[in-house]
$ cat target_4.txt   # compact mmCIF, C-alpha atoms
# COMPACT_ATOMS: atom_id res chain seq x y z
CA MET A 39 -100.32 -238.11 -135.54
CA THR A 40 -100.07 -235.55 -138.32
CA ASP A 41 -102.99 -234.67 -140.56
CA GLY A 42 -103.12 -235.92 -144.12
CA PRO A 43 -103.11 -233.39 -146.97
CA ARG A 44 -106.90 -233.41 -147.32
CA GLN A 45 -107.50 -233.03 -143.60
CA GLU A 46 -104.92 -230.28 -143.44
CA ARG A 47 -106.78 -228.36 -146.16
CA VAL A 48 -110.04 -228.79 -144.28
CA GLN A 49 -108.45 -227.42 -141.13
CA ARG A 50 -106.90 -224.50 -142.95
CA ILE A 51 -110.21 -223.58 -144.58
CA ALA A 52 -112.18 -223.98 -141.34
CA ILE A 53 -109.74 -221.85 -139.36
CA GLY A 54 -109.62 -219.19 -142.07
CA VAL A 55 -113.39 -218.99 -142.43
CA ALA A 56 -113.87 -218.88 -138.66
CA ALA A 57 -111.27 -216.12 -138.29
CA ALA A 58 -112.77 -213.98 -141.06
CA ALA A 59 -116.37 -214.47 -139.93
CA ASN A 60 -115.54 -213.82 -136.28
CA LYS A 61 -113.97 -210.47 -137.10
CA CYS A 62 -116.69 -209.61 -139.61
CA ARG A 63 -119.59 -210.19 -137.21
CA ALA A 64 -118.10 -208.03 -134.45
CA ILE A 65 -117.14 -205.12 -136.70
CA LEU A 66 -120.34 -205.16 -138.73
CA MET A 67 -122.48 -205.27 -135.60
CA GLY A 68 -120.53 -202.47 -133.92
CA THR A 69 -120.53 -200.20 -136.97
CA ALA A 70 -124.25 -200.66 -137.62
CA MET A 71 -125.22 -200.28 -133.97
CA ALA A 72 -123.19 -197.08 -133.64
CA VAL A 73 -125.03 -195.61 -136.63
CA TYR A 74 -128.46 -196.65 -135.34
CA ILE A 75 -127.85 -195.41 -131.81
CA GLY A 76 -126.31 -192.21 -133.17
CA ARG A 77 -129.66 -191.38 -134.75
CA VAL A 78 -131.53 -191.44 -131.42
CA GLY A 79 -128.88 -191.24 -128.70
CA THR A 80 -126.01 -189.11 -127.47
CA PRO A 81 -122.33 -189.33 -128.45
CA PHE A 82 -121.63 -190.95 -125.08
CA GLU A 83 -124.17 -193.67 -125.78
CA VAL A 84 -122.56 -194.28 -129.17
CA SER A 85 -119.19 -194.71 -127.46
CA LEU A 86 -120.71 -197.38 -125.21
CA VAL A 87 -121.29 -199.58 -128.26
CA PHE A 88 -117.54 -200.08 -128.48
CA THR A 89 -116.79 -199.79 -124.76
CA VAL A 90 -119.03 -202.66 -123.67
CA TYR A 91 -117.64 -204.89 -126.40
CA TRP A 92 -113.98 -204.37 -125.57
CA PHE A 93 -114.70 -204.52 -121.84
CA GLY A 94 -116.40 -207.88 -122.39
CA LEU A 95 -113.38 -209.20 -124.26
CA MET A 96 -111.01 -207.81 -121.64
CA ALA A 97 -112.90 -209.36 -118.73
CA PHE A 98 -113.90 -212.73 -120.18
CA SER A 99 -111.13 -213.71 -122.60
CA PRO A 100 -108.85 -214.75 -119.71
CA VAL A 101 -111.72 -216.69 -118.17
CA ALA A 102 -112.44 -218.60 -121.39
CA GLY A 103 -108.76 -219.34 -121.91
CA ALA A 104 -108.33 -220.56 -118.37
CA VAL A 105 -111.44 -222.77 -118.55
CA ALA A 106 -110.16 -224.30 -121.79
CA ASP A 107 -106.76 -225.01 -120.22
CA VAL A 108 -108.11 -226.38 -116.95
CA THR A 109 -110.70 -228.68 -118.51
CA GLY A 110 -108.57 -229.58 -121.52
CA ARG A 111 -111.65 -229.19 -123.72
CA ARG A 112 -110.62 -226.34 -125.92
CA ARG A 113 -112.78 -227.40 -128.84
CA ALA A 114 -115.88 -227.59 -126.63
CA VAL A 115 -115.21 -224.07 -125.36
CA LEU A 116 -114.70 -222.83 -128.92
CA VAL A 117 -117.89 -224.40 -130.28
CA GLY A 118 -120.00 -223.61 -127.22
CA THR A 119 -119.08 -219.94 -127.08
CA ALA A 120 -119.57 -219.61 -130.84
CA LEU A 121 -123.10 -220.97 -130.50
CA LEU A 122 -123.98 -218.80 -127.49
CA SER A 123 -122.61 -215.65 -129.11
CA THR A 124 -124.75 -216.36 -132.17
CA LEU A 125 -127.86 -216.71 -130.03
CA ALA A 126 -126.99 -213.42 -128.30
CA VAL A 127 -127.28 -211.60 -131.64
CA LEU A 128 -130.86 -212.68 -132.38
CA PRO A 129 -132.63 -210.38 -129.86
CA LEU A 130 -131.18 -207.40 -131.73
CA THR A 131 -133.60 -208.14 -134.58
CA VAL A 132 -136.55 -207.10 -132.37
CA LEU A 133 -134.97 -204.45 -130.13
CA ASP A 134 -134.66 -200.75 -130.78
CA GLY A 135 -133.67 -197.72 -128.77
CA VAL A 136 -130.34 -197.47 -126.96
CA TRP A 137 -129.94 -199.61 -123.87
CA GLY A 138 -131.40 -202.87 -125.13
CA PRO A 139 -129.00 -203.15 -128.07
CA ILE A 140 -126.05 -202.06 -125.92
CA ALA A 141 -126.91 -204.71 -123.31
CA PHE A 142 -126.98 -207.50 -125.88
CA ARG A 143 -123.82 -206.16 -127.49
CA GLY A 144 -122.21 -206.69 -124.08
CA LEU A 145 -123.69 -210.18 -123.76
CA PHE A 146 -122.41 -211.01 -127.22
CA ALA A 147 -118.92 -209.93 -126.13
CA VAL A 148 -119.05 -212.20 -123.07
CA PHE A 149 -119.46 -215.25 -125.30
CA ALA A 150 -117.40 -214.01 -128.25
CA ALA A 151 -114.49 -213.65 -125.82
CA GLY A 152 -114.08 -217.42 -125.99
CA PHE A 153 -112.98 -217.40 -129.63
CA LEU A 154 -109.54 -215.80 -129.75
CA PRO A 155 -107.86 -217.40 -126.70
CA VAL A 156 -108.81 -220.90 -127.80
CA MET A 157 -108.32 -220.43 -131.52
CA LEU A 158 -104.92 -218.81 -131.09
CA ALA A 159 -103.81 -221.76 -128.96
CA VAL A 160 -105.03 -224.20 -131.62
CA VAL A 161 -103.44 -222.25 -134.47
CA SER A 162 -100.15 -221.94 -132.61
CA GLU A 163 -99.98 -225.66 -131.89
CA ARG A 164 -100.92 -226.58 -135.43
CA GLY A 165 -97.99 -224.54 -136.71
CA GLY A 166 -95.53 -226.33 -134.46
CA ALA A 167 -92.03 -225.14 -133.70
CA THR A 168 -91.12 -224.49 -137.34
CA GLY A 169 -94.39 -223.18 -138.78
CA ARG A 170 -95.92 -221.23 -135.91
CA GLY A 171 -95.25 -217.83 -137.47
CA GLN A 172 -96.74 -218.87 -140.79
CA SER A 173 -99.79 -220.36 -139.08
CA LEU A 174 -100.43 -217.24 -137.00
CA GLY A 175 -99.75 -215.01 -139.99
CA TYR A 176 -102.43 -216.80 -142.01
CA PHE A 177 -104.87 -216.47 -139.13
CA ASN A 178 -104.24 -212.73 -138.81
CA SER A 179 -104.57 -212.25 -142.57
CA MET A 180 -107.98 -213.91 -142.52
CA GLN A 181 -109.02 -211.67 -139.65
CA ALA A 182 -108.08 -208.69 -141.81
CA VAL A 183 -110.25 -210.13 -144.60
CA GLY A 184 -113.19 -210.23 -142.20
CA PHE A 185 -112.53 -206.69 -140.98
CA THR A 186 -112.37 -205.34 -144.53
CA ALA A 187 -115.51 -207.20 -145.58
CA ALA A 188 -117.40 -205.89 -142.54
CA GLN A 189 -116.60 -202.27 -143.32
CA LEU A 190 -117.67 -202.67 -146.94
CA LEU A 191 -120.83 -204.55 -146.00
CA ALA A 192 -121.76 -201.92 -143.42
CA GLY A 193 -121.51 -199.19 -146.02
CA VAL A 194 -123.77 -201.11 -148.37
CA LEU A 195 -126.31 -202.66 -146.00
CA LEU A 196 -126.93 -199.58 -143.86
CA GLY A 197 -128.40 -197.87 -146.89
CA LEU A 198 -130.34 -200.85 -148.20
CA VAL A 199 -131.98 -202.81 -145.40
CA ALA A 200 -133.84 -202.23 -142.15
CA PRO A 201 -132.01 -202.67 -138.83
CA TRP A 202 -133.67 -206.01 -138.09
CA ALA A 203 -132.50 -207.39 -141.44
CA LEU A 204 -128.94 -206.19 -140.91
CA TYR A 205 -128.80 -207.78 -137.47
CA LEU A 206 -130.20 -210.98 -138.93
CA PHE A 207 -127.34 -210.91 -141.41
CA VAL A 208 -124.90 -210.47 -138.52
CA ALA A 209 -126.47 -213.52 -136.86
CA ALA A 210 -125.97 -215.49 -140.07
CA VAL A 211 -122.29 -214.49 -140.19
CA SER A 212 -122.00 -215.49 -136.54
CA ALA A 213 -123.55 -218.85 -137.38
CA VAL A 214 -120.76 -219.32 -139.92
CA VAL A 215 -118.29 -219.03 -137.04
CA PHE A 216 -120.15 -221.79 -135.21
CA VAL A 217 -120.27 -224.09 -138.24
CA ALA A 218 -116.60 -223.52 -139.05
CA ALA A 219 -115.66 -224.21 -135.43
CA LEU A 220 -117.31 -227.62 -135.71
CA PHE A 221 -114.70 -228.59 -138.30
CA VAL A 222 -111.71 -227.35 -136.30
CA SER A 223 -109.87 -230.17 -134.57
CA ASP A 224 -107.71 -229.68 -131.50
CA PRO A 225 -104.14 -230.88 -132.11
CA ALA A 226 -103.87 -231.51 -128.37
CA PRO A 227 -107.17 -233.25 -127.49
CA PRO A 228 -108.22 -233.80 -123.86
CA GLU A 229 -106.62 -236.69 -122.02
CA GLY A 230 -109.89 -237.88 -120.59
CA THR A 231 -109.52 -236.19 -117.21
CA SER A 232 -112.43 -234.30 -115.71
CA ALA A 233 -112.64 -231.55 -113.15
CA THR A 234 -115.48 -230.45 -110.92
CA LEU A 235 -117.02 -227.01 -111.28
CA GLU A 236 -115.44 -226.00 -107.98
CA GLU A 237 -111.99 -227.12 -109.16
CA VAL A 238 -112.39 -225.25 -112.42
CA ALA A 239 -113.50 -222.08 -110.62
CA SER A 240 -110.61 -222.33 -108.17
CA GLU A 241 -108.02 -222.82 -110.90
CA VAL A 242 -109.44 -220.00 -113.01
CA LYS A 243 -109.27 -217.69 -109.99
CA ARG A 244 -105.69 -218.76 -109.29
CA ARG A 245 -104.64 -218.04 -112.86
CA LEU A 246 -106.40 -214.70 -113.11
CA PHE A 247 -105.43 -213.46 -109.66
CA PRO A 248 -102.15 -215.19 -108.72
CA ALA A 249 -100.91 -214.93 -105.16
CA ARG A 250 -98.01 -212.58 -104.50
CA GLY A 251 -95.57 -215.48 -104.35
CA ASN A 252 -96.67 -216.80 -107.76
CA ARG A 253 -96.00 -213.72 -109.87
CA GLU A 254 -92.37 -214.35 -110.82
CA HIS A 255 -93.35 -214.95 -114.45
CA LEU A 256 -94.40 -211.31 -114.73
CA ARG A 257 -90.84 -210.22 -113.97
CA THR A 258 -88.89 -213.08 -115.55
CA ASN A 259 -90.56 -212.95 -118.95
CA GLY A 260 -91.27 -209.24 -119.03
CA LEU A 261 -95.01 -209.78 -119.12
CA ARG A 262 -95.65 -206.99 -116.65
CA SER A 263 -94.18 -204.43 -119.07
CA LEU A 264 -96.11 -206.01 -121.94
CA TYR A 265 -99.40 -205.70 -120.07
CA VAL A 266 -98.70 -202.06 -119.27
CA ALA A 267 -97.85 -201.36 -122.92
CA VAL A 268 -101.02 -203.05 -124.13

$ encode --input "target_4.txt" --output "structure tokens"
Amino acid sequence: MTDGPRQERVQRIAIGVAAAANKCRAILMGTAMAVYIGRVGTPFEVSLVFTVYWFGLMAFSPVAGAVADVTGRRRAVLVGTALLSTLAVLPLTVLDGVWGPIAFRGLFAVFAAGFLPVMLAVVSERGGATGRGQSLGYFNSMQAVGFTAAQLLAGVLLGLVAPWALYLFVAAVSAVVFVAALFVSDPAPPEGTSATLEEVASEVKRRLFPARGNREHLRTNGLRSLYVAV
């Protein structure tokens, strides 16, 4: 069943707001944390601010995507990880130094990794065969809005507010991701099937680490070269 015009507008707004806020929270947090740690730490410790974030996305994005596929509950994964990533920001309002903030930056990345795999699947399906490019283009444009806003906000807030207040603002932006995710509907809702935790873990492992005989897709579709290029 296709969405009516009003529902379609709601979905477009929710997806756009979620995309912008998701990018904004990550960039604003990383920029601010790098500045704060740079005042008391070494250049290597500053680099870890970005390293732990991208490592978290690299390691856990495939897991979140696989869990969403196996369980069929993409919206639950989207909303749940948005909430947990928001909660992971709050300890930054009371922490200082180097390793505490870096640790929670990594924890934030673990949960934030659930956003893109699920949202991209939803956005792609909403576009359909004829509008997929337009749908993904809108999503990427809204991410760019969030990136731009984060850089501008960092330049302003770093000179105006204390670290705890800036991190509280990041938590508020992250909460916007959670609220927006509540309004996003999955165009391919679950069929009512359920899987045990053991079955989910087994299927996730199979997808992430396929047996030698199940790797033909890497050669047939050129994914192996794509992974190397990325």

$ closest_residue --input "target_4.txt" --among "A:Val78, A:Arg170, A:Ala120, A:Ala64" --to "Phe149 (chain A)" --atoms "only C-alpha atoms"
A:Ala120

$ residues_near_point --input "target_4.txt" --point "(-126.8, -206.5, -144.6)" --cutoff "10 Å" --atoms "all atoms listed in the file" --output "ChimeraX atom specification"
/A:66,70,188,191-208

$ axis_aligned_box --input "target_4.txt" --around "region 235-246 of chain A" --padding-each-side "5 Å" --output "JSON"
{"center_x": -110.8, "center_y": -220.9, "center_z": -110.5, "size_x": 22.4, "size_y": 22.4, "size_z": 15.1}

$ atom_distance --input "target_4.txt" --atom1 "CA of Met180 (chain A)" --atom2 "CA of Gly54 (chain A)"
5.5 Å

$ closest_residue --input "target_4.txt" --among "A:Val156, A:Ser162, A:Leu235, A:Val217" --to "Arg111 (chain A)" --atoms "all atoms listed in the file"
A:Val156

$ atom_distance --input "target_4.txt" --atom1 "CA of Ile75 (chain A)" --atom2 "CA of Leu190 (chain A)"
19.6 Å

$ closest_residue --input "target_4.txt" --among "A:Val214, A:Ile65, A:Val101, A:Ala147" --to "Phe247 (chain A)" --atoms "all atoms listed in the file"
A:Val101

$ closest_residue --input "target_4.txt" --among "A:Tyr74, A:Leu121, A:Ala187, A:Ala182" --to "Leu133 (chain A)" --atoms "only C-alpha atoms"
A:Tyr74

$ residues_near_point --input "target_4.txt" --point "(-114.8, -227.4, -138.8)" --cutoff "9 Å" --atoms "only C-alpha atoms" --output "ChimeraX atom specification"
/A:48-49,51-53,56,216-223

$ atom_distance --input "target_4.txt" --atom1 "CA of Pro129 (chain A)" --atom2 "CA of Ala209 (chain A)"
9.8 Å

$ closest_residue --input "target_4.txt" --among "A:Ala104, A:Leu125, A:Ile140, A:Ala151" --to "Phe82 (chain A)" --atoms "all atoms listed in the file"
A:Ile140

$ closest_residue --input "target_4.txt" --among "A:Ala226, A:Val115, A:Leu95, A:Leu122" --to "Val160 (chain A)" --atoms "all atoms listed in the file"
A:Ala226

$ residues_around --input "target_4.txt" --residues "Phe153 (chain A)" --least-positions-apart "4" --cutoff "10 Å" --atoms "all atoms listed in the file" --output "PDB file with C-alpha atoms, in the frame of the given file"
ATOM      1  CA  ALA A  56    -113.870-218.880-138.660  1.00  0.00           C
ATOM      2  CA  ALA A  57    -111.270-216.120-138.290  1.00  0.00           C
ATOM      3  CA  ASN A  60    -115.540-213.820-136.280  1.00  0.00           C
ATOM      4  CA  LEU A  95    -113.380-209.200-124.260  1.00  0.00           C
ATOM      5  CA  SER A  99    -111.130-213.710-122.600  1.00  0.00           C
ATOM      6  CA  ALA A 102    -112.440-218.600-121.390  1.00  0.00           C
ATOM      7  CA  GLY A 103    -108.760-219.340-121.910  1.00  0.00           C
ATOM      8  CA  ARG A 112    -110.620-226.340-125.920  1.00  0.00           C
ATOM      9  CA  VAL A 115    -115.210-224.070-125.360  1.00  0.00           C
ATOM     10  CA  LEU A 116    -114.700-222.830-128.920  1.00  0.00           C
ATOM     11  CA  VAL A 117    -117.890-224.400-130.280  1.00  0.00           C
ATOM     12  CA  GLY A 118    -120.000-223.610-127.220  1.00  0.00           C
ATOM     13  CA  THR A 119    -119.080-219.940-127.080  1.00  0.00           C
ATOM     14  CA  ALA A 120    -119.570-219.610-130.840  1.00  0.00           C
ATOM     15  CA  SER A 123    -122.610-215.650-129.110  1.00  0.00           C
ATOM     16  CA  PHE A 149    -119.460-215.250-125.300  1.00  0.00           C
ATOM     17  CA  MET A 157    -108.320-220.430-131.520  1.00  0.00           C
ATOM     18  CA  LEU A 158    -104.920-218.810-131.090  1.00  0.00           C
ATOM     19  CA  VAL A 215    -118.290-219.030-137.040  1.00  0.00           C
ATOM     20  CA  ALA A 219    -115.660-224.210-135.430  1.00  0.00           C
TER      21      ALA A 219
END

$ residues_around --input "target_4.txt" --residues "Ala126 (chain A)" --least-positions-apart "4" --cutoff "8 Å" --atoms "all atoms listed in the file" --output "PyMOL selection string"
chain A and resi 122+142-143+145-146
